[in-house]
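Source file entry01.cif; content: mmCIF, C-alpha atoms.
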data_final
#
loop_
_atom_site.label_atom_id
_atom_site.label_comp_id
_atom_site.auth_asym_id
_atom_site.auth_seq_id
_atom_site.Cartn_x
_atom_site.Cartn_y
_atom_site.Cartn_z
CA MET C 1 15.18 4.68 -16.93
CA MET C 2 13.32 1.96 -18.80
CA SER C 3 13.33 -1.51 -17.24
CA ALA C 4 14.93 -4.46 -19.03
CA ASP C 5 11.43 -5.88 -19.52
CA GLY C 6 10.35 -2.64 -21.15
CA GLN C 7 13.35 -2.69 -23.45
CA ALA C 8 12.54 -6.27 -24.39
CA GLN C 9 9.29 -5.12 -25.98
CA ARG C 10 11.14 -2.90 -28.41
CA PRO C 11 11.75 -4.07 -32.00
CA ILE C 12 14.92 -5.52 -33.48
CA GLY C 13 16.35 -3.23 -36.15
CA ILE C 14 17.67 -4.88 -39.30
CA PHE C 15 19.20 -3.21 -42.34
CA ASP C 16 20.71 -4.18 -45.66
CA SER C 17 21.47 -2.44 -48.91
CA GLY C 18 18.34 -3.84 -50.52
CA LEU C 19 16.32 -7.04 -50.78
CA GLY C 20 18.81 -9.58 -49.50
CA GLY C 21 18.35 -8.80 -45.82
CA LEU C 22 14.81 -10.14 -46.05
CA THR C 23 16.43 -13.58 -45.73
CA VAL C 24 17.54 -12.52 -42.25
CA VAL C 25 14.07 -11.18 -41.44
CA GLN C 26 12.55 -14.49 -42.52
CA ALA C 27 15.00 -16.49 -40.40
CA ILE C 28 14.42 -14.32 -37.33
CA ARG C 29 10.64 -14.48 -37.68
CA ARG C 30 10.84 -18.26 -37.98
CA ASP C 31 13.22 -18.82 -35.05
CA LEU C 32 12.04 -15.93 -32.81
CA PRO C 33 8.35 -15.62 -33.73
CA SER C 34 7.39 -13.34 -30.82
CA GLU C 35 9.95 -10.68 -31.69
CA HIS C 36 9.03 -7.43 -33.43
CA VAL C 37 11.31 -6.42 -36.29
CA THR C 38 11.74 -3.24 -38.28
CA TYR C 39 13.62 -3.59 -41.55
CA LEU C 40 15.34 -0.97 -43.64
CA GLY C 41 16.43 -1.71 -47.18
CA ASP C 42 18.60 1.02 -48.69
CA THR C 43 17.26 0.28 -52.15
CA ALA C 44 18.09 3.76 -53.45
CA ARG C 45 21.82 3.02 -53.12
CA VAL C 46 22.04 -0.73 -53.69
CA PRO C 47 24.45 -2.46 -54.16
CA TYR C 48 26.95 -1.75 -51.41
CA GLY C 49 29.31 -4.48 -52.57
CA THR C 50 30.90 -2.33 -55.28
CA ARG C 51 31.36 0.76 -53.06
CA SER C 52 34.52 1.95 -51.34
CA PRO C 53 34.91 1.24 -47.59
CA ASP C 54 34.48 4.94 -46.75
CA THR C 55 31.22 5.06 -48.70
CA VAL C 56 29.95 1.87 -47.06
CA VAL C 57 30.68 3.32 -43.62
CA ARG C 58 28.78 6.50 -44.47
CA TYR C 59 25.76 4.58 -45.74
CA ALA C 60 25.84 2.22 -42.74
CA ARG C 61 25.85 5.10 -40.27
CA ALA C 62 22.84 6.67 -41.97
CA CYS C 63 20.86 3.41 -41.86
CA ALA C 64 21.81 2.75 -38.23
CA ARG C 65 20.75 6.28 -37.21
CA ALA C 66 17.38 5.86 -38.90
CA LEU C 67 16.72 2.61 -37.03
CA THR C 68 17.96 3.76 -33.61
CA ARG C 69 15.53 6.67 -33.82
CA ARG C 70 12.82 4.01 -33.82
CA GLN C 71 13.87 2.88 -30.33
CA ILE C 72 15.23 -0.53 -31.30
CA LYS C 73 16.71 -2.86 -28.68
CA ALA C 74 19.34 -4.46 -30.95
CA LEU C 75 20.72 -3.93 -34.44
CA VAL C 76 21.36 -6.68 -36.96
CA VAL C 77 23.55 -5.68 -39.88
CA ALA C 78 22.08 -7.98 -42.51
CA CYS C 79 24.72 -7.09 -45.06
CA ASN C 80 28.01 -8.91 -45.41
CA THR C 81 29.71 -5.85 -46.90
CA VAL C 82 28.82 -3.64 -43.92
CA SER C 83 29.59 -6.48 -41.50
CA ALA C 84 33.04 -6.70 -43.05
CA VAL C 85 34.01 -3.04 -43.01
CA ALA C 86 31.83 -1.16 -40.49
CA LEU C 87 30.63 -3.53 -37.76
CA ASP C 88 33.24 -2.58 -35.16
CA LEU C 89 32.60 1.11 -35.75
CA LEU C 90 28.82 0.72 -35.35
CA SER C 91 29.30 -1.38 -32.22
CA ALA C 92 31.43 1.37 -30.70
CA GLU C 93 29.10 4.22 -31.66
CA LEU C 94 25.70 2.74 -30.78
CA ASP C 95 24.12 2.14 -27.38
CA VAL C 96 22.42 -1.13 -28.41
CA PRO C 97 23.93 -4.57 -29.11
CA VAL C 98 25.08 -4.87 -32.73
CA MET C 99 25.39 -8.14 -34.62
CA GLY C 100 26.62 -8.84 -38.14
CA VAL C 101 26.23 -11.88 -40.36
CA ILE C 102 29.87 -12.88 -40.91
CA GLU C 103 30.74 -14.28 -37.48
CA PRO C 104 27.62 -16.49 -37.22
CA GLY C 105 28.20 -17.73 -40.77
CA ALA C 106 31.82 -18.53 -40.00
CA VAL C 107 30.83 -20.48 -36.88
CA ALA C 108 28.29 -22.53 -38.83
CA ALA C 109 30.80 -23.19 -41.63
CA VAL C 110 33.54 -24.36 -39.26
CA GLN C 111 31.11 -26.68 -37.51
CA ALA C 112 30.04 -28.15 -40.85
CA ALA C 113 33.64 -28.57 -42.00
CA GLU C 114 34.64 -30.31 -38.77
CA GLU C 115 31.70 -32.69 -39.09
CA LEU C 116 32.76 -33.56 -42.64
CA GLY C 117 36.43 -33.77 -41.73
CA CYS C 118 37.38 -31.34 -44.49
CA GLU C 119 39.97 -28.59 -44.28
CA ARG C 120 38.72 -26.08 -46.85
CA ILE C 121 35.73 -23.75 -46.79
CA GLY C 122 34.61 -21.79 -49.83
CA VAL C 123 33.02 -18.36 -49.62
CA LEU C 124 31.00 -16.58 -52.28
CA GLY C 125 30.65 -12.86 -51.66
CA THR C 126 30.66 -9.38 -53.09
CA ALA C 127 33.94 -7.79 -54.13
CA SER C 128 34.03 -5.65 -50.98
CA THR C 129 33.39 -8.57 -48.65
CA ILE C 130 36.01 -10.74 -50.30
CA SER C 131 38.66 -8.01 -50.44
CA SER C 132 38.11 -7.24 -46.75
CA GLY C 133 39.38 -10.68 -45.73
CA ALA C 134 36.63 -10.80 -43.10
CA TYR C 135 35.67 -14.45 -43.57
CA PRO C 136 39.23 -15.85 -43.45
CA ALA C 137 39.84 -13.75 -40.34
CA ALA C 138 36.63 -14.97 -38.69
CA VAL C 139 37.41 -18.61 -39.47
CA ALA C 140 41.00 -18.22 -38.27
CA ARG C 141 39.70 -17.09 -34.89
CA LEU C 142 37.80 -20.36 -34.66
CA SER C 143 40.23 -22.84 -36.22
CA THR C 144 43.83 -22.70 -37.35
CA ARG C 145 43.43 -25.90 -39.36
CA ILE C 146 40.78 -24.80 -41.85
CA GLU C 147 41.68 -22.85 -44.98
CA VAL C 148 39.23 -20.41 -46.59
CA ILE C 149 38.99 -20.03 -50.37
CA CYS C 150 37.12 -16.90 -51.44
CA GLU C 151 35.51 -16.07 -54.77
CA PRO C 152 33.84 -12.73 -55.62
CA ALA C 153 30.45 -13.32 -57.25
CA PRO C 154 29.16 -9.87 -58.25
CA LEU C 155 26.58 -10.99 -60.81
CA LEU C 156 24.59 -12.94 -58.22
CA VAL C 157 23.31 -9.74 -56.56
CA PRO C 158 21.54 -8.28 -59.62
CA LEU C 159 20.22 -11.73 -60.52
CA ALA C 160 18.67 -12.00 -57.06
CA GLU C 161 17.34 -8.44 -57.22
CA GLU C 162 15.70 -9.07 -60.59
CA GLY C 163 14.20 -12.39 -59.51
CA TRP C 164 16.30 -14.47 -61.91
CA THR C 165 16.62 -17.34 -59.46
CA ASP C 166 16.39 -20.32 -61.81
CA GLY C 167 17.15 -21.22 -65.40
CA GLN C 168 20.22 -21.14 -67.59
CA VAL C 169 21.44 -17.62 -66.78
CA PRO C 170 21.83 -18.09 -63.00
CA GLU C 171 23.16 -21.61 -63.55
CA LEU C 172 25.93 -20.33 -65.83
CA ALA C 173 26.79 -17.54 -63.38
CA ALA C 174 26.86 -19.96 -60.45
CA GLU C 175 29.09 -22.37 -62.35
CA ARG C 176 31.55 -19.58 -63.16
CA TYR C 177 31.91 -18.65 -59.49
CA LEU C 178 31.68 -22.10 -57.95
CA ARG C 179 34.21 -23.91 -60.13
CA PRO C 180 37.32 -22.43 -58.42
CA LEU C 181 35.90 -23.39 -55.02
CA VAL C 182 35.01 -26.92 -56.06
CA ASP C 183 38.37 -27.36 -57.82
CA ALA C 184 40.04 -26.33 -54.55
CA ASN C 185 38.16 -29.19 -52.83
CA ALA C 186 35.95 -26.97 -50.69
CA ARG C 187 33.12 -29.17 -49.41
CA VAL C 188 31.45 -26.38 -47.42
CA ILE C 189 30.41 -23.18 -49.19
CA VAL C 190 29.21 -20.07 -47.38
CA LEU C 191 26.68 -17.78 -49.02
CA GLY C 192 28.58 -14.65 -48.06
CA CYS C 193 25.91 -12.16 -49.11
CA THR C 194 22.34 -12.04 -47.86
CA HIS C 195 21.09 -11.80 -51.44
CA TYR C 196 22.54 -15.20 -52.31
CA PRO C 197 20.03 -17.40 -50.42
CA LEU C 198 17.52 -16.36 -53.09
CA LEU C 199 19.72 -18.47 -55.39
CA HIS C 200 20.31 -21.23 -52.84
CA ASP C 201 18.80 -24.05 -54.89
CA VAL C 202 20.72 -23.14 -58.05
CA ILE C 203 23.99 -22.76 -56.15
CA GLU C 204 23.53 -26.07 -54.33
CA SER C 205 22.57 -27.95 -57.51
CA VAL C 206 25.46 -26.57 -59.56
CA ALA C 207 27.99 -27.12 -56.76
CA ARG C 208 26.97 -30.76 -56.35
CA ARG C 209 27.06 -31.33 -60.11
CA LEU C 210 30.56 -29.85 -60.39
CA ALA C 211 31.85 -31.75 -57.35
CA GLY C 212 30.12 -35.03 -58.07
CA ARG C 213 29.21 -35.34 -54.39
CA GLU C 214 27.31 -33.61 -51.60
CA ILE C 215 28.32 -30.02 -50.86
CA THR C 216 27.14 -28.28 -47.68
CA ILE C 217 25.76 -24.79 -48.31
CA VAL C 218 25.85 -22.49 -45.27
CA ASP C 219 23.20 -19.79 -45.09
CA SER C 220 24.51 -17.11 -42.74
CA ALA C 221 21.00 -15.68 -42.29
CA LYS C 222 19.90 -18.84 -40.49
CA ALA C 223 23.05 -18.82 -38.38
CA THR C 224 22.50 -15.16 -37.51
CA ALA C 225 18.97 -15.81 -36.24
CA THR C 226 20.30 -18.53 -33.95
CA SER C 227 23.07 -16.28 -32.61
CA LEU C 228 20.64 -13.40 -32.14
CA GLY C 229 18.38 -15.52 -29.97
CA GLY C 230 21.32 -16.31 -27.70
CA LEU C 231 22.41 -12.67 -27.54
CA LEU C 232 18.94 -11.40 -26.62
CA SER C 233 18.59 -14.01 -23.89
CA ALA C 234 22.03 -13.20 -22.47
CA LYS C 235 21.24 -9.46 -22.40
CA GLY C 236 17.78 -9.95 -20.88
CA LEU C 237 16.23 -8.51 -24.04
CA ALA C 238 14.28 -11.52 -25.30
CA GLN C 239 10.61 -10.78 -25.95
CA SER C 240 8.57 -11.90 -22.95
CA GLU C 241 5.09 -11.15 -24.27
CA PRO C 242 3.33 -14.14 -25.87
CA GLY C 243 1.87 -13.98 -29.33
CA PRO C 244 3.22 -13.35 -32.81
CA GLY C 245 5.60 -10.48 -33.41
CA SER C 246 5.18 -7.82 -36.06
CA ALA C 247 7.28 -6.81 -39.05
CA GLU C 248 7.69 -3.28 -40.40
CA LEU C 249 9.33 -2.88 -43.81
CA THR C 250 10.90 0.40 -44.94
CA VAL C 251 12.99 1.22 -47.98
CA THR C 252 14.74 4.27 -49.37
CA ASP C 253 13.27 3.63 -52.81
CA VAL C 254 10.55 1.24 -53.96
CA PRO C 255 11.61 -1.16 -56.74
CA LYS C 256 8.79 -3.06 -58.40
CA SER C 257 10.18 -6.39 -57.25
CA PHE C 258 10.45 -5.53 -53.54
CA ALA C 259 6.89 -6.34 -52.45
CA ALA C 260 6.88 -9.58 -54.43
CA VAL C 261 10.14 -10.75 -52.84
CA ALA C 262 8.88 -9.72 -49.40
CA GLY C 263 5.81 -11.82 -50.01
CA ARG C 264 7.84 -14.90 -50.88
CA PHE C 265 9.80 -14.67 -47.65
CA LEU C 266 7.29 -13.31 -45.17
CA GLY C 267 4.10 -15.10 -46.25
CA ALA C 268 0.67 -13.83 -47.31
CA GLU C 269 0.31 -11.14 -44.65
CA VAL C 270 2.95 -8.74 -45.90
CA PRO C 271 2.97 -5.34 -44.21
CA LYS C 272 2.84 -2.29 -46.42
CA VAL C 273 6.29 -1.29 -47.61
CA ARG C 274 6.92 2.32 -46.61
CA GLN C 275 9.45 4.60 -48.29
CA ILE C 276 11.55 6.85 -46.05
CA ASP C 277 14.16 9.55 -46.49
CA LEU C 278 17.27 8.79 -44.48
CA THR C 279 17.93 12.48 -43.94
CA THR C 280 14.64 12.91 -42.08
CA ALA C 281 13.74 9.39 -40.84
#
Would you mind writing the file's structure down as structure tokens?
Amino acid sequence: MMSADGQAQRPIGIFDSGLGGLTVVQAIRRDLPSEHVTYLGDTARVPYGTRSPDTVVRYARACARALTRRQIKALVVACNTVSAVALDLLSAELDVPVMGVIEPGAVAAVQAAEELGCERIGVLGTASTISSGAYPAAVARLSTRIEVICEPAPLLVPLAEEGWTDGQVPELAAERYLRPLVDANARVIVLGCTHYPLLHDVIESVARRLAGREITIVDSAKATATSLGGLLSAKGLAQSEPGPGSAELTVTDVPKSFAAVAGRFLGAEVPKVRQIDLTTA
């Protein structure tokens, strides 16, 4: 049996439907710089947000199996859609700790709302995430006073994937999705999809313009990295070896924009992006 210290040297597995989960990789590498990470982007089947729950579960199982074969010590589901519909199932089926992005994001949003003294949180997410009711449920477990207003924002995913992160097109899309939240007096808005931080500046600017005051934008990727550090320490799985960790990037298909986006988030030394087949990985 491998010792806890031996397990601690293993990588953290992270998966998402495509590019968005790189925001979680970036946050983990910033907050936990000694940790090794292996990332899987299911770019051949992106987006998950428009799929049925049964399909999302099937895809999630395939991604999780591919990563657990790589001897990971923990799994981060860097996809709000999978976190909403398949997290409990993965937690029950896998022998490693499993963390999603919804609970950490909800915790950060409630903390921000309590600091502002406001009673409404807005959530932007994919259709699947919003219809699941996962964010209202997560917030309700933390506070019975705070109401959650949700708005599906499907166009933000392809905009992020295509690199359309500034200019009139993303501004108009952001305004369309943010207006109901701002009109409902939500002063805290959660980016309920890991693709959305690519549009953080546009979303923040448009939200503040519509509201005429400061709006707090919660990035669940940052909150997830913080929660992951606590989980690894509690389980005795935190990396004990000094020095910088490594990052391995794998995808199920190789879009032209993937390496460029990886470079923006991970810096100049971007590892080679390797394509894998989930049926044989």
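Distances here use all atoms listed in the file; by that measure, the residue among C:Ala112, C:Leu87, C:Ala160, C:Asn185 closest to Gly100 (chain C) is C:Leu87.
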**OP:** With the file shown as input, list the residues that the PyMOL selection byres ((chain C and resi 49) around 8) selects, as a ChimeraX atom specification.
**Re:** /C:47-48,50-51,81,126-129,154
At a cut-off of 10 Å, can you tabulate as a Markdown table every residue of region 51-108 of chain C near region 130-134 of chain C together with its closest atom pair and the distance in Å to one decimal, using all atoms listed in the file and ordering rows by chain then number?
| residue | atom | partner | partner_atom | distance |
| --- | --- | --- | --- | --- |
| C:Pro53 | CA | C:Ser132 | CA | 9.1 |
| C:Asn80 | CA | C:Ala134 | CA | 9.1 |
| C:Thr81 | CA | C:Ser132 | CA | 8.5 |
| C:Ser83 | CA | C:Ala134 | CA | 8.4 |
| C:Ala84 | CA | C:Ala134 | CA | 5.4 |
| C:Val85 | CA | C:Ser132 | CA | 7.0 |
| C:Ile102 | CA | C:Ala134 | CA | 7.4 |
| C:Glu103 | CA | C:Ala134 | CA | 8.9 |
| C:Ala106 | CA | C:Ala134 | CA | 9.6 |
Subject >> Separation of CA of Pro97 (chain C) from CA of Lys73 (chain C), in Å and rounded to one decimal >> reply: 7.4 Å
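Proximity ranking of C:Ile14, C:Leu199, C:Ala223, C:Ala138 relative to Pro158 (chain C) places C:Leu199 first, based on all atoms listed in the file.
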**OP:** Name the residues captured by the PyMOL selection byres ((chain C and resi 244-248) around 6) when it is applied to the shown file; answer as number ranges by chain.
**Re:** C: 33-38, 243, 249
